[in-house]
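Just coords.cif here, mmCIF, C-alpha atoms and all ligand atoms:
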```cif
data_query
#
loop_
_atom_site.label_atom_id
_atom_site.label_comp_id
_atom_site.auth_asym_id
_atom_site.auth_seq_id
_atom_site.Cartn_x
_atom_site.Cartn_y
_atom_site.Cartn_z
CA MET R 1 19.62 -30.50 -101.34
CA LYS R 2 21.78 -28.53 -98.92
CA VAL R 3 21.21 -29.96 -95.45
CA ALA R 4 22.55 -28.40 -92.25
CA LEU R 5 23.37 -31.14 -89.75
CA GLY R 6 24.14 -30.80 -86.06
CA CYS R 7 24.12 -32.71 -82.79
CA ASP R 8 25.16 -32.66 -79.17
CA HIS R 9 27.29 -35.34 -77.48
CA ALA R 10 24.30 -37.72 -77.24
CA GLY R 11 23.65 -37.44 -80.96
CA PHE R 12 27.22 -37.61 -82.22
CA GLY R 13 27.26 -41.27 -83.28
CA LEU R 14 23.92 -41.02 -85.07
CA LYS R 15 24.96 -37.77 -86.76
CA GLU R 16 27.87 -39.55 -88.41
CA LEU R 17 25.53 -42.24 -89.73
CA VAL R 18 22.94 -39.70 -90.93
CA SER R 19 25.67 -37.68 -92.61
CA ALA R 20 26.85 -40.72 -94.57
CA CYS R 21 23.25 -41.58 -95.60
CA LEU R 22 22.57 -38.04 -96.78
CA ARG R 23 25.77 -37.88 -98.82
CA GLU R 24 25.05 -41.29 -100.32
CA ALA R 25 21.65 -39.99 -101.43
CA GLY R 26 23.37 -37.07 -103.18
CA HIS R 27 22.73 -34.30 -100.64
CA GLU R 28 25.26 -31.68 -99.61
CA VAL R 29 25.85 -31.83 -95.85
CA LEU R 30 26.81 -28.69 -93.90
CA ASP R 31 28.11 -30.27 -90.69
CA GLN R 32 27.75 -27.85 -87.78
CA GLY R 33 29.20 -30.18 -85.11
CA THR R 34 29.62 -31.25 -82.45
CA PHE R 35 32.51 -33.48 -83.45
CA SER R 36 32.94 -35.79 -80.46
CA GLU R 37 31.09 -37.37 -77.54
CA SER R 38 32.44 -34.77 -75.10
CA SER R 39 29.63 -33.17 -73.15
CA CYS R 40 28.25 -29.98 -74.71
CA ASP R 41 25.05 -27.94 -74.73
CA TYR R 42 22.43 -28.79 -77.36
CA PRO R 43 21.12 -25.21 -77.86
CA ASP R 44 24.47 -24.14 -79.35
CA PHE R 45 24.28 -26.73 -82.09
CA ALA R 46 20.55 -26.45 -82.73
CA GLU R 47 21.05 -22.72 -83.20
CA ARG R 48 23.81 -23.29 -85.78
CA VAL R 49 21.58 -25.61 -87.80
CA ALA R 50 18.50 -23.39 -87.50
CA ARG R 51 20.44 -20.26 -88.40
CA LEU R 52 21.42 -21.74 -91.78
CA VAL R 53 17.83 -22.78 -92.49
CA SER R 54 16.42 -19.46 -91.33
CA ALA R 55 18.90 -17.56 -93.54
CA GLY R 56 18.10 -19.73 -96.57
CA GLU R 57 21.66 -21.08 -96.70
CA ALA R 58 20.36 -24.61 -96.21
CA GLU R 59 17.05 -25.93 -97.51
CA ARG R 60 16.68 -28.35 -94.62
CA GLY R 61 18.23 -29.03 -91.24
CA ILE R 62 18.61 -32.15 -89.14
CA ALA R 63 19.51 -31.80 -85.45
CA ILE R 64 20.17 -34.77 -83.19
CA CYS R 65 20.30 -34.94 -79.40
CA GLY R 66 19.20 -37.55 -76.86
CA THR R 67 15.48 -37.11 -77.41
CA GLY R 68 15.20 -34.55 -80.21
CA ILE R 69 13.19 -32.33 -77.88
CA GLY R 70 15.84 -29.78 -76.92
CA MET R 71 16.93 -29.45 -80.54
CA ALA R 72 13.36 -28.80 -81.72
CA MET R 73 12.65 -26.32 -78.90
CA THR R 74 15.77 -24.34 -79.74
CA ALA R 75 15.45 -24.44 -83.53
CA ASN R 76 11.86 -23.18 -83.37
CA LYS R 77 13.07 -19.92 -81.80
CA LEU R 78 14.50 -18.79 -85.14
CA PRO R 79 12.29 -17.06 -87.71
CA GLY R 80 10.89 -19.24 -90.46
CA VAL R 81 12.05 -22.45 -88.84
CA ARG R 82 9.50 -25.24 -88.49
CA ALA R 83 11.28 -27.92 -86.49
CA ALA R 84 9.60 -31.23 -85.68
CA ALA R 85 10.87 -33.83 -83.23
CA CYS R 86 10.08 -37.11 -84.98
CA ASN R 87 11.13 -40.45 -83.62
CA ASP R 88 8.86 -42.55 -85.78
CA ILE R 89 8.15 -42.77 -89.48
CA TYR R 90 4.51 -41.63 -89.30
CA THR R 91 5.28 -38.26 -87.67
CA ALA R 92 8.30 -37.78 -89.94
CA ARG R 93 6.04 -38.26 -92.96
CA TYR R 94 3.26 -35.97 -91.70
CA SER R 95 5.68 -33.29 -90.50
CA ARG R 96 6.46 -32.86 -94.20
CA LEU R 97 3.00 -33.47 -95.73
CA HIS R 98 1.06 -31.21 -93.39
CA ASN R 99 3.62 -28.98 -91.63
CA ASP R 100 6.31 -28.49 -94.27
CA ALA R 101 8.87 -29.04 -91.48
CA ASN R 102 12.25 -27.68 -92.52
CA VAL R 103 14.16 -29.03 -89.52
CA LEU R 104 13.99 -32.63 -88.34
CA ALA R 105 14.98 -33.24 -84.72
CA LEU R 106 15.93 -36.81 -83.88
CA GLY R 107 16.47 -38.57 -80.57
CA ALA R 108 19.53 -40.81 -80.67
CA ARG R 109 18.53 -42.35 -77.31
CA VAL R 110 15.04 -43.11 -78.59
CA VAL R 111 15.53 -44.65 -82.02
CA GLY R 112 18.01 -47.21 -83.25
CA PRO R 113 20.15 -46.61 -86.31
CA GLY R 114 17.90 -48.54 -88.72
CA VAL R 115 14.73 -46.66 -87.77
CA ALA R 116 16.63 -43.35 -87.75
CA GLU R 117 17.86 -43.99 -91.27
CA GLU R 118 14.31 -44.74 -92.45
CA ILE R 119 12.96 -41.62 -90.71
CA VAL R 120 15.57 -39.47 -92.44
CA ARG R 121 14.87 -41.05 -95.83
CA THR R 122 11.11 -40.57 -95.42
CA TRP R 123 11.51 -37.00 -94.20
CA MET R 124 13.85 -36.01 -97.01
CA GLU R 125 11.68 -37.54 -99.74
CA THR R 126 8.18 -36.54 -98.64
CA PRO R 127 6.82 -33.34 -100.25
CA PHE R 128 4.59 -30.70 -98.66
CA GLU R 129 0.95 -31.29 -99.55
CA GLY R 130 0.01 -27.58 -99.73
CA GLY R 131 -3.72 -26.72 -100.04
CA ARG R 132 -5.39 -26.15 -96.67
CA HIS R 133 -2.08 -26.81 -94.95
CA ALA R 134 -0.50 -23.81 -96.68
CA ARG R 135 -3.21 -21.58 -95.16
CA ARG R 136 -2.36 -22.93 -91.69
CA LEU R 137 1.33 -22.28 -92.19
CA GLU R 138 0.53 -18.71 -93.27
CA ARG R 139 -1.31 -18.31 -89.97
CA LEU R 140 1.65 -19.82 -88.12
CA ALA R 141 3.99 -17.28 -89.75
CA GLU R 142 1.56 -14.49 -88.85
CA ILE R 143 1.59 -15.56 -85.21
CA GLU R 144 5.37 -15.69 -85.28
CA GLY R 145 5.43 -12.14 -86.65
CA GLN R 146 3.04 -10.91 -83.97
CA HIS R 147 4.89 -12.45 -81.03
CA GLY R 148 8.45 -12.82 -82.34
CA GLY R 149 10.95 -12.37 -79.54
CA ARG R 150 8.40 -10.89 -77.15
CA ARG R 151 6.40 -12.25 -74.27
CA PRO R 152 2.64 -11.60 -74.52
C1 LIG Y 1 21.79 -34.62 -72.93
O1 LIG Y 1 21.98 -35.42 -71.82
C2 LIG Y 1 20.29 -34.52 -73.26
O2 LIG Y 1 19.64 -33.78 -72.29
C3 LIG Y 1 20.11 -33.91 -74.63
O3 LIG Y 1 20.79 -34.68 -75.57
C4 LIG Y 1 18.69 -33.82 -75.18
O4 LIG Y 1 18.03 -35.01 -75.06
C5 LIG Y 1 17.90 -32.66 -74.76
O5 LIG Y 1 16.78 -32.43 -75.23
#
```
Translate the structure of the given file into structure tokens.
Ligand code: RB5
Amino acid sequence: MKVALGCDHAGFGLKELVSACLREAGHEVLDQGTFSESSCDYPDFAERVARLVSAGEAERGIAICGTGIGMAMTANKLPGVRAAACNDIYTARYSRLHNDANVLALGARVVGPGVAEEIVRTWMETPFEGGRHARRLERLAEIEGQHGGRRP
């Protein structure tokens, strides 16, 4: 799979590890930076990852910051992006089964490297369950269409 990968300064170390794991598993990694631990702003890198997913140039995205929260908040602003901040294996699994999440946001200050690796593996390998969940995602897309870019 083509996977867009990005991080801020807090997520840099974990991004390198995740990148190696993804490549080892045979995925193509589109690394969107950042490329050092110098302080930067997470929305810039979440946007780069989400843009590729939204445009269909990457099938999945993984964005890493301190908590995963800022990355998920930003990525979810782009059309068609379903970003989930998952710092445990259960939510990673269900974000795929029930929500068909196409962006995983990870918190490098929350999870250690071993758990992060397992979260990524689980998230990459778990399929979407479809069925009643597909109906809910259709509704989600409808809501996005109704409110996209506008305040109610
Ligand atoms: C950076 O200090 C931190 O705020 C950022 O990595 C992230 O956790 C934001 O959601």
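Computed from the coordinates, the CA of Gly11 in chain R to CA of Arg109 in chain R distance equals 8.0 Å.
Put simply, CA of Thr74 in chain R is 28.2 Å away from CA of Gly131 in chain R.
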At most 9 Å from (19.3, -23.4, -81.0), file frame, only C-alpha atoms: which residues, as a PDB file with C-alpha atoms, in the coordinates of the input?
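What follows is the written file point-v9.pdb:
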```pdb
ATOM      1  CA  TYR R  42      22.430 -28.790 -77.360  1.00  0.00           C
ATOM      2  CA  PRO R  43      21.120 -25.210 -77.860  1.00  0.00           C
ATOM      3  CA  ASP R  44      24.470 -24.140 -79.350  1.00  0.00           C
ATOM      4  CA  PHE R  45      24.280 -26.730 -82.090  1.00  0.00           C
ATOM      5  CA  ALA R  46      20.550 -26.450 -82.730  1.00  0.00           C
ATOM      6  CA  GLU R  47      21.050 -22.720 -83.200  1.00  0.00           C
ATOM      7  CA  ARG R  48      23.810 -23.290 -85.780  1.00  0.00           C
ATOM      8  CA  VAL R  49      21.580 -25.610 -87.800  1.00  0.00           C
ATOM      9  CA  ALA R  50      18.500 -23.390 -87.500  1.00  0.00           C
ATOM     10  CA  ARG R  51      20.440 -20.260 -88.400  1.00  0.00           C
ATOM     11  CA  GLY R  70      15.840 -29.780 -76.920  1.00  0.00           C
ATOM     12  CA  MET R  71      16.930 -29.450 -80.540  1.00  0.00           C
ATOM     13  CA  ALA R  72      13.360 -28.800 -81.720  1.00  0.00           C
ATOM     14  CA  MET R  73      12.650 -26.320 -78.900  1.00  0.00           C
ATOM     15  CA  THR R  74      15.770 -24.340 -79.740  1.00  0.00           C
ATOM     16  CA  ALA R  75      15.450 -24.440 -83.530  1.00  0.00           C
ATOM     17  CA  ASN R  76      11.860 -23.180 -83.370  1.00  0.00           C
ATOM     18  CA  LYS R  77      13.070 -19.920 -81.800  1.00  0.00           C
ATOM     19  CA  LEU R  78      14.500 -18.790 -85.140  1.00  0.00           C
TER      20      LEU R  78
END
```
Would you name the residues within 8 Å of ligand LIG 1 (chain Y), counting all atoms listed in the file, and put them as a list of chain:residue names?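 Checking all atoms listed in the file against ligand LIG 1 (chain Y) at 8 Å gives R:Asp8, R:His9, R:Ala10, R:Gly11, R:Ser39, R:Asp41, R:Tyr42, R:Ile64, R:Cys65, R:Gly66, R:Thr67, R:Gly68, R:Ile69, R:Gly70, R:Met71, R:Gly107, R:Arg109.
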What's the separation between CA of Thr122 in chain R and CA of Leu52 in chain R, in Å to one decimal place?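 Taking CA of Thr122 in chain R as the start and CA of Leu52 in chain R as the end point, the length is 21.8 Å.
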Residues within 9 Å of (7.8, -39.8, -94.5), file coords, all atoms listed in the file, listed as a list in words: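 Output: Ile89, Tyr90, Thr91, Ala92, Arg93, Tyr94, Ser95, Arg96, Leu97, Glu118, Ile119, Val120, Arg121, Thr122, Trp123, Met124, Glu125, Thr126 and Pro127 of chain R.
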Could you rebuild range 18-29 of chain R with all heavy atoms and give it back as an mmCIF file, in the coordinates of the input?
```
data_model
loop_
_atom_site.group_PDB
_atom_site.id
_atom_site.type_symbol
_atom_site.label_atom_id
_atom_site.label_comp_id
_atom_site.auth_asym_id
_atom_site.auth_seq_id
_atom_site.Cartn_x
_atom_site.Cartn_y
_atom_site.Cartn_z
ATOM 1 N N VAL R 18 23.881 -40.491 -90.126
ATOM 2 C CA VAL R 18 22.940 -39.700 -90.930
ATOM 3 C C VAL R 18 23.705 -38.938 -92.015
ATOM 4 O O VAL R 18 23.266 -38.857 -93.171
ATOM 5 C CB VAL R 18 22.123 -38.744 -90.023
ATOM 6 C CG1 VAL R 18 21.381 -37.694 -90.838
ATOM 7 C CG2 VAL R 18 21.142 -39.550 -89.166
ATOM 8 N N SER R 19 24.854 -38.414 -91.651
ATOM 9 C CA SER R 19 25.670 -37.680 -92.610
ATOM 10 C C SER R 19 26.034 -38.576 -93.797
ATOM 11 O O SER R 19 25.896 -38.176 -94.959
ATOM 12 C CB SER R 19 26.939 -37.179 -91.904
ATOM 13 O OG SER R 19 27.746 -36.504 -92.816
ATOM 14 N N ALA R 20 26.471 -39.775 -93.506
ATOM 15 C CA ALA R 20 26.850 -40.720 -94.570
ATOM 16 C C ALA R 20 25.639 -41.040 -95.452
ATOM 17 O O ALA R 20 25.742 -41.076 -96.682
ATOM 18 C CB ALA R 20 27.435 -41.981 -93.956
ATOM 19 N N CYS R 21 24.475 -41.248 -94.825
ATOM 20 C CA CYS R 21 23.250 -41.580 -95.600
ATOM 21 C C CYS R 21 22.867 -40.432 -96.515
ATOM 22 O O CYS R 21 22.484 -40.643 -97.675
ATOM 23 C CB CYS R 21 22.076 -41.857 -94.674
ATOM 24 S SG CYS R 21 22.275 -43.334 -93.737
ATOM 25 N N LEU R 22 22.950 -39.211 -95.984
ATOM 26 C CA LEU R 22 22.570 -38.040 -96.780
ATOM 27 C C LEU R 22 23.502 -37.883 -97.978
ATOM 28 O O LEU R 22 23.058 -37.655 -99.103
ATOM 29 C CB LEU R 22 22.610 -36.773 -95.918
ATOM 30 C CG LEU R 22 21.513 -36.638 -94.859
ATOM 31 C CD1 LEU R 22 21.827 -35.463 -93.931
ATOM 32 C CD2 LEU R 22 20.145 -36.437 -95.496
ATOM 33 N N ARG R 23 24.787 -38.029 -97.726
ATOM 34 C CA ARG R 23 25.770 -37.880 -98.820
ATOM 35 C C ARG R 23 25.542 -38.975 -99.877
ATOM 36 O O ARG R 23 25.605 -38.714 -101.073
ATOM 37 C CB ARG R 23 27.194 -37.973 -98.275
ATOM 38 C CG ARG R 23 27.619 -36.738 -97.499
ATOM 39 C CD ARG R 23 29.038 -36.908 -96.958
ATOM 40 N NE ARG R 23 29.221 -36.275 -95.672
ATOM 41 C CZ ARG R 23 29.570 -34.999 -95.500
ATOM 42 N NH1 ARG R 23 29.768 -34.225 -96.524
ATOM 43 N NH2 ARG R 23 29.719 -34.499 -94.289
ATOM 44 N N GLU R 24 25.291 -40.169 -99.398
ATOM 45 C CA GLU R 24 25.050 -41.290 -100.320
ATOM 46 C C GLU R 24 23.842 -41.011 -101.217
ATOM 47 O O GLU R 24 23.809 -41.409 -102.381
ATOM 48 C CB GLU R 24 24.804 -42.549 -99.489
ATOM 49 C CG GLU R 24 25.128 -43.841 -100.214
ATOM 50 C CD GLU R 24 25.052 -45.006 -99.256
ATOM 51 O OE1 GLU R 24 25.825 -45.042 -98.280
ATOM 52 O OE2 GLU R 24 24.171 -45.844 -99.472
ATOM 53 N N ALA R 25 22.857 -40.309 -100.657
ATOM 54 C CA ALA R 25 21.650 -39.990 -101.430
ATOM 55 C C ALA R 25 21.847 -38.756 -102.308
ATOM 56 O O ALA R 25 20.919 -38.300 -102.977
ATOM 57 C CB ALA R 25 20.465 -39.787 -100.488
ATOM 58 N N GLY R 26 23.059 -38.181 -102.286
ATOM 59 C CA GLY R 26 23.370 -37.070 -103.180
ATOM 60 C C GLY R 26 23.176 -35.685 -102.585
ATOM 61 O O GLY R 26 23.252 -34.685 -103.299
ATOM 62 N N HIS R 27 22.923 -35.603 -101.273
ATOM 63 C CA HIS R 27 22.730 -34.300 -100.640
ATOM 64 C C HIS R 27 24.064 -33.699 -100.209
ATOM 65 O O HIS R 27 25.031 -34.422 -99.955
ATOM 66 C CB HIS R 27 21.807 -34.432 -99.421
ATOM 67 C CG HIS R 27 20.459 -34.974 -99.759
ATOM 68 N ND1 HIS R 27 19.552 -34.258 -100.527
ATOM 69 C CD2 HIS R 27 19.871 -36.163 -99.477
ATOM 70 C CE1 HIS R 27 18.459 -34.996 -100.691
ATOM 71 N NE2 HIS R 27 18.621 -36.156 -100.073
ATOM 72 N N GLU R 28 24.068 -32.364 -100.119
ATOM 73 C CA GLU R 28 25.260 -31.680 -99.610
ATOM 74 C C GLU R 28 25.057 -31.442 -98.115
ATOM 75 O O GLU R 28 24.053 -30.841 -97.707
ATOM 76 C CB GLU R 28 25.449 -30.345 -100.347
ATOM 77 C CG GLU R 28 26.698 -29.616 -99.938
ATOM 78 C CD GLU R 28 26.849 -28.262 -100.628
ATOM 79 O OE1 GLU R 28 26.179 -28.055 -101.664
ATOM 80 O OE2 GLU R 28 27.610 -27.437 -100.128
ATOM 81 N N VAL R 29 26.000 -31.919 -97.306
ATOM 82 C CA VAL R 29 25.850 -31.830 -95.850
ATOM 83 C C VAL R 29 26.712 -30.686 -95.311
ATOM 84 O O VAL R 29 27.915 -30.626 -95.576
ATOM 85 C CB VAL R 29 26.249 -33.159 -95.184
ATOM 86 C CG1 VAL R 29 26.227 -33.030 -93.660
ATOM 87 C CG2 VAL R 29 25.319 -34.285 -95.632
#
```
